[in-house]
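Notes follow the structure.
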Amino acid sequence: MSTQVAYKQVFGWPESLKKNPTHYCPGCGHSIAHRLVAECLDELGIREKTIGVPPVGCAVLAYNYFNFDMVEAPHGRAMAVATGIKRVHPDKFVLTYQGDGDLAAIGTAETIHAGNRGERISAIFINNAIYGMTGGQMAPTTVLGQEATTAPGGRDPRLHGSPIDISRMLAVCDGVVYAERCSLTSVKNIRKAKKAIMKSFRCQLDDLGFSIVELLSPCPTNWKMPPKDAWAWINNEMVKTYPLGVIKDITGYEEAK
Amino acid sequence: MASEKVLMRGSDVVGEAAVRAGCRYYFGYPITPQNELPEYLSKRIVELGGTFIQGESEIASINMVLGASAAGGRVMTSSSSPGIALKQEGISYMAGMELPAVVVNMMRGGPGLGNIAPSAADYFQATRGGGNGDYRTPVLAPTGCQELVEMTFLAFDLADKYRTPVMLLGDGLMGQVMEPVVFPDPLDPDSLPKKDWILDGCEGREPRTIFSMYLGQQGELYQHNLRLQEKYDRITENEKRWETIQTDDADIVIVAYGTAARIAESAMEELRSEGSAVGIFRPITLWPFPLPALRDVATKAKKVAVFELSLGQMVEDVILSVGERAEIYFYGIPGGLIPTPADVVEFIHSAVRGDEKVGRRIEV
């Protein structure tokens, strides 16, 4: 009998990610979020039945990184495009991956109505409180007092309105079965985010309804901070406007341990 | 076996023809005067196991069309002028992404909300792309219910053949009028040619992506546009359609499409009974415009009289076709008023005399 050494793989490159270097800035949350999505698809074994819809914004090129079928959507329309796909292929897995400008400003109507129809799609919502791709303009989610290139002096509720909490807006829709807000600022938080994404994906596979996972995500470049400070800003400031945790859960799933 | 002859309203005719052409996905937003079409399909398409969604807006609806098309579905939407303006975003993306779909425009008066009466003032919007970028969409212009049947089938076939959105351009009158029609046998959607580019999950193959953005620095967008143009050249070469009525002996030829062509046909009968040698040239595809055919007819007749339910849009394509080979007269009715054949008779009398009492001479 030959000697065999058993190795247990504890880390590797997810099959759901292509081996391409990303264009994201150092310290950006997108790479972490991409990896979490890819790990969840791998673990559920659904990469080959997945069709993804990226946003217009920093993640517009996500199809260069995700290793499954993807179709571009006009700015804000990912949920409508995903609706069309899911209605043709109800047996496939359809996800959108959108930023705050895409999902919560120009795409507000598409977002709310996809949720309200209970479309069987899973939405990954990257909230970094700023327009990244276009260079740091005010986002619908920019917090009060936060500087942006189009909010010099900081966001003023009288001038700009207050930050919008679209996950909470979605939660009032009957078709939305699960909404959770997580952050990408520590190993602990990242592991929590992965659990939430996993649950959101299960909602679709079990045909329960619409679900969204909002990820508070650092944008050191446009926040003009080193990555470490960007994490701290999320933990100390951003969560005041966007408290972490489950916003809605009518899935009936038992919490694992 | 084709259907029995049935009496149906134009909007319902398009709906029935669409499902018989294998369309199982419809996304749209209500707007007068075409609401009977989504109402018809909300029942009919669902009976057949398809999907009907009343979207939250025209923009959402056209993007649902985009998604369903990328997923391989035979899909359509419909609207009327202001709603079609909103759909231009999705139409431009689908042109860039080479996604087939049928878009029905039952035109009404404009600009803006205008009114709900029949009009044909969206010719520029339909034939010049309508959205941003260098692209065209084939535009079919039926005149009545039986043609709505045939052109709905043709629109889906052209869309799939060339991977492009195709527009069926009617107007409020055509959507409302009831006429007897015969439908061809229904197609089984599963019998349609398989598409090898759709997104249905990458099982057993490499992942596919469908997009319209080309950021590369090596002229990728330039190459993409040249590829699209090559396709538009092929469509122009192969898909021009038109009808000529009694043009052989005509001294003057009326150029009109859609509802205007029907009014012109009644006028022509009256003029012929008076002894005038009048013919009709009716473009059926507005893009590609049947330029060479019109040029030949006009050259022979020496006089063309362009009649439109707008203040002069198609006339520009007539000018491009005819140039100085014939005298060009124009008469247009804007704002959703429906002219009578008698108005057109007066116009032709004027054009024959060359006095511009009704209509005007176009100097080229």
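A note on labels: chains of the structure tokens are A, B, ... as shown, every chain counts residues from 1, and ligands are counted from 1 in their shown order.
Residue-level contacts from chain B to chain A at 6 Å, counting only C-alpha atoms, read Ala60, Asn63, Met64, Gly67, Ala68, Ala71, Leu199, Gly201, Cys202, Glu203, Pro207, Arg208, Thr209, Ile210 and Phe211 of chain B.
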So that I can see what lies close to B:Arg9, please list as a PyMOL selection string the residues with an atom at most 9 Å from it, counting only C-alpha atoms and leaving out residues fewer than 4 positions away in the same chain. chain B and resi 13-14+36+145+174-180
Could you save those same residues with C-alpha atoms as a PDB file, in the first residue's frame?
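Dumped to result_32.pdb:
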```
ATOM      1  CA  VAL B  13     -54.435  41.708 -34.023  1.00  0.00           C
ATOM      2  CA  VAL B  14     -50.831  42.542 -33.113  1.00  0.00           C
ATOM      3  CA  GLU B  36     -55.914  47.110 -25.882  1.00  0.00           C
ATOM      4  CA  CYS B 145     -55.055  44.802 -39.862  1.00  0.00           C
ATOM      5  CA  MET B 174     -54.593  51.444 -36.888  1.00  0.00           C
ATOM      6  CA  GLY B 175     -54.669  50.272 -33.276  1.00  0.00           C
ATOM      7  CA  GLN B 176     -58.385  51.009 -32.931  1.00  0.00           C
ATOM      8  CA  VAL B 177     -59.856  50.095 -36.308  1.00  0.00           C
ATOM      9  CA  MET B 178     -61.588  46.718 -36.677  1.00  0.00           C
ATOM     10  CA  GLU B 179     -61.060  44.711 -39.839  1.00  0.00           C
ATOM     11  CA  PRO B 180     -61.389  41.110 -40.939  1.00  0.00           C
TER      12      PRO B 180
END
```
From a backbone DSSP assignment, name each residue in stretch 5-248 of chain A labelled alpha helix (DSSP H), as a ChimeraX atom specification. /A:30-44,78-88,100-101,108-116,157-160,166-171,187-205,220-223,227-233,239-241
Counting only C-alpha atoms, what is within 8 Å of A:Asp42, bar same-chain residues fewer than 6 positions away, as a list in words? Pro14, Glu15 and Ser16 of chain A
Writer output for current selection, N, CA and C atoms, as a JSON list (two decimals), in the first residue's frame:
```json
[["chain", "number", "residue", "atom", "x", "y", "z"],
["A", 14, "PRO", "N", -11.75, 30.77, -5.95],
["A", 14, "PRO", "CA", -13.10, 30.26, -6.26],
["A", 14, "PRO", "C", -13.29, 30.06, -7.76],
["A", 15, "GLU", "N", -13.97, 28.99, -8.12],
["A", 15, "GLU", "CA", -14.21, 28.73, -9.54],
["A", 15, "GLU", "C", -15.08, 29.83, -10.14],
["A", 16, "SER", "N", -15.91, 30.45, -9.31],
["A", 16, "SER", "CA", -16.82, 31.49, -9.81],
["A", 16, "SER", "C", -16.12, 32.82, -10.07]]
```
Tell me which of A:Val177, A:Val143, A:Met133, A:Ala123 sits closest to A:Lys240, counting only C-alpha atoms.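 Distance minimum relative to A:Lys240 lands on A:Val143.
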State, in Å with one decimal place, the distance from atom CA of A:Pro21 to atom CA of A:Ala38.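 Distance reported for this atom pair: 15.0 Å.
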So which one's closest to B:Gly129, B:Lys240, B:Ile62, B:Trp287, B:Glu356? Using only C-alpha atoms, please.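 Smallest distance to B:Gly129 is found for B:Trp287.
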Could you tell me which of A:Ile164, A:Lys194, A:Arg155, A:Thr134 comes closest to A:Glu43 if we count only C-alpha atoms?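 Closest to A:Glu43, using only C-alpha atoms: A:Lys194.
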Check the smallest atom-to-atom distance from each of B:Arg282, B:Lys194, B:Arg205, B:Arg241 to B:Thr259 using only C-alpha atoms, then report the winner.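 Checking each candidate against B:Thr259, we get B:Arg282 as the closest.
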Near-B:Leu148 list (10 Å; only C-alpha atoms; drop same-chain fewer than 6 positions) as a list of chain:residue names: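 Contacts, with the query itself left out: B:Gly10, B:Ser11, B:Asp12, B:Val13, B:Val14, B:Gly15, B:Ala17, B:Ala18, B:Leu140, B:Ala141, B:Pro142, B:Leu154, B:Leu168, B:Leu169, B:Gly170, B:Met174, B:Gly175, B:Val181.
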Backbone-only DSSP, strand (DSSP E) members of stretch 108-153 of chain A, as a PyMOL selection string: chain A and resi 122-127
As an exercise, work out the distance from atom CA of A:Lys188 to atom CA of A:Ile126 in Å and give it to one decimal place.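 Those two atoms sit 18.0 Å apart.
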Looking at B:Pro184, B:Gly90, B:Gly96, B:Pro33, which one is nearest to B:Val19, with distances taken over only C-alpha atoms? B:Pro184
Would you pick out the contacts of A:Thr221 at 12 Å or less, using only C-alpha atoms, so that residues sharing its chain but fewer than 6 positions from it are not included, and give the list as a PyMOL selection string? chain A and resi 24-29+128+130-136+148+227-230
For the selection you just gave me, I'd like the residues written to a file as a tab-separated table (two decimals), in the first residue's frame, keeping N, CA and C atoms.
```
chain	number	residue	atom	x	y	z
A	24	TYR	N	-9.97	47.52	-9.48
A	24	TYR	CA	-10.40	48.27	-8.30
A	24	TYR	C	-9.21	48.89	-7.56
A	25	CYS	N	-9.46	50.02	-6.89
A	25	CYS	CA	-8.41	50.75	-6.17
A	25	CYS	C	-7.96	49.93	-4.95
A	26	PRO	N	-6.77	50.19	-4.47
A	26	PRO	CA	-6.34	49.56	-3.21
A	26	PRO	C	-7.32	49.92	-2.09
A	27	GLY	N	-7.70	48.91	-1.33
A	27	GLY	CA	-8.58	49.17	-0.19
A	27	GLY	C	-10.06	49.21	-0.52
A	28	CYS	N	-10.40	49.05	-1.78
A	28	CYS	CA	-11.81	49.05	-2.21
A	28	CYS	C	-12.50	47.78	-1.73
A	29	GLY	N	-13.80	47.90	-1.41
A	29	GLY	CA	-14.53	46.75	-0.92
A	29	GLY	C	-15.01	45.79	-2.00
A	128	ASN	N	-21.24	52.52	-0.65
A	128	ASN	CA	-20.02	53.20	-0.19
A	128	ASN	C	-20.24	54.72	-0.09
A	130	ILE	N	-20.86	57.10	-1.96
A	130	ILE	CA	-20.20	58.05	-2.86
A	130	ILE	C	-20.30	57.50	-4.30
A	131	TYR	N	-20.23	58.37	-5.30
A	131	TYR	CA	-20.07	57.89	-6.68
A	131	TYR	C	-18.58	57.66	-6.92
A	132	GLY	N	-18.21	56.41	-7.12
A	132	GLY	CA	-16.80	56.08	-7.27
A	132	GLY	C	-16.30	56.31	-8.68
A	133	MET	N	-16.95	55.66	-9.65
A	133	MET	CA	-16.48	55.66	-11.04
A	133	MET	C	-16.37	57.07	-11.62
A	134	THR	N	-17.33	57.92	-11.29
A	134	THR	CA	-17.33	59.26	-11.88
A	134	THR	C	-16.49	60.25	-11.06
A	135	GLY	N	-15.98	59.82	-9.91
A	135	GLY	CA	-14.99	60.64	-9.23
A	135	GLY	C	-15.43	61.37	-7.98
A	136	GLY	N	-16.31	60.75	-7.19
A	136	GLY	CA	-16.55	61.28	-5.85
A	136	GLY	C	-17.71	62.25	-5.70
A	148	ALA	N	-18.45	65.68	-0.68
A	148	ALA	CA	-18.44	65.06	-2.01
A	148	ALA	C	-18.14	66.16	-3.01
A	227	PRO	N	-6.79	53.19	3.51
A	227	PRO	CA	-7.76	52.10	3.70
A	227	PRO	C	-8.11	51.83	5.16
A	228	LYS	N	-7.12	51.90	6.02
A	228	LYS	CA	-7.37	51.60	7.43
A	228	LYS	C	-8.36	52.62	8.03
A	229	ASP	N	-8.15	53.87	7.68
A	229	ASP	CA	-9.06	54.91	8.17
A	229	ASP	C	-10.46	54.73	7.58
A	230	ALA	N	-10.51	54.25	6.33
A	230	ALA	CA	-11.81	54.03	5.68
A	230	ALA	C	-12.61	52.97	6.44
```
Please list as a ChimeraX atom specification every residue within 9 Å of B:Pro138, counting only C-alpha atoms and excluding residues in the same chain fewer than 5 positions away. /B:126-127,155,158-159,164-168,232,235,239,285-288
For the selection just defined, write its residues with N, CA and C atoms to a file, as a JSON list (two decimals), in the first residue's frame.
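The resulting file, part_30.json, is shown below:
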```json
[["chain", "number", "residue", "atom", "x", "y", "z"],
["B", 126, "ALA", "N", -38.03, 57.10, -35.23],
["B", 126, "ALA", "CA", -38.01, 55.67, -35.57],
["B", 126, "ALA", "C", -36.88, 55.33, -36.53],
["B", 127, "THR", "N", -36.66, 56.19, -37.53],
["B", 127, "THR", "CA", -35.76, 55.80, -38.61],
["B", 127, "THR", "C", -34.32, 56.28, -38.42],
["B", 155, "ALA", "N", -41.49, 41.12, -38.31],
["B", 155, "ALA", "CA", -40.67, 41.87, -37.35],
["B", 155, "ALA", "C", -39.88, 40.92, -36.45],
["B", 158, "LEU", "N", -37.08, 39.27, -38.62],
["B", 158, "LEU", "CA", -35.96, 40.18, -38.90],
["B", 158, "LEU", "C", -35.14, 40.42, -37.64],
["B", 159, "ALA", "N", -35.83, 40.55, -36.50],
["B", 159, "ALA", "CA", -35.14, 40.80, -35.24],
["B", 159, "ALA", "C", -34.16, 39.67, -34.94],
["B", 164, "THR", "N", -31.35, 42.39, -33.82],
["B", 164, "THR", "CA", -31.56, 43.83, -33.65],
["B", 164, "THR", "C", -32.99, 44.09, -33.18],
["B", 165, "PRO", "N", -33.22, 45.16, -32.44],
["B", 165, "PRO", "CA", -34.60, 45.57, -32.22],
["B", 165, "PRO", "C", -35.24, 45.96, -33.55],
["B", 166, "VAL", "N", -36.51, 45.62, -33.72],
["B", 166, "VAL", "CA", -37.26, 46.00, -34.92],
["B", 166, "VAL", "C", -38.50, 46.75, -34.47],
["B", 167, "MET", "N", -38.81, 47.84, -35.16],
["B", 167, "MET", "CA", -39.98, 48.61, -34.77],
["B", 167, "MET", "C", -41.14, 48.42, -35.74],
["B", 168, "LEU", "N", -42.31, 48.18, -35.16],
["B", 168, "LEU", "CA", -43.55, 48.13, -35.94],
["B", 168, "LEU", "C", -44.23, 49.47, -35.70],
["B", 232, "TYR", "N", -25.90, 46.80, -40.82],
["B", 232, "TYR", "CA", -26.91, 47.73, -41.33],
["B", 232, "TYR", "C", -26.84, 47.82, -42.86],
["B", 235, "ILE", "N", -28.68, 44.81, -44.11],
["B", 235, "ILE", "CA", -30.14, 45.01, -43.99],
["B", 235, "ILE", "C", -30.62, 45.93, -45.11],
["B", 239, "GLU", "N", -33.38, 44.10, -47.29],
["B", 239, "GLU", "CA", -34.68, 44.14, -46.62],
["B", 239, "GLU", "C", -35.58, 45.32, -47.02],
["B", 285, "THR", "N", -40.90, 49.36, -45.59],
["B", 285, "THR", "CA", -39.82, 49.57, -44.62],
["B", 285, "THR", "C", -39.46, 51.05, -44.69],
["B", 286, "LEU", "N", -39.53, 51.71, -43.54],
["B", 286, "LEU", "CA", -39.17, 53.14, -43.50],
["B", 286, "LEU", "C", -37.67, 53.26, -43.30],
["B", 287, "TRP", "N", -37.09, 52.34, -42.53],
["B", 287, "TRP", "CA", -35.66, 52.09, -42.59],
["B", 287, "TRP", "C", -35.46, 50.60, -42.73],
["B", 288, "PRO", "N", -34.75, 50.08, -43.69],
["B", 288, "PRO", "CA", -34.15, 50.85, -44.78],
["B", 288, "PRO", "C", -35.20, 51.42, -45.74]]
```
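Atom CA of A:Arg35 lies 14.6 Å from atom CA of A:Val213.
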Smallest atom-to-atom distance to B:Ala342: which of B:Ser266, B:Gln313, B:Ser212, B:Ser57, using only C-alpha atoms?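 Nearest candidate to B:Ala342 out of B:Ser266, B:Gln313, B:Ser212, B:Ser57: B:Ser266.
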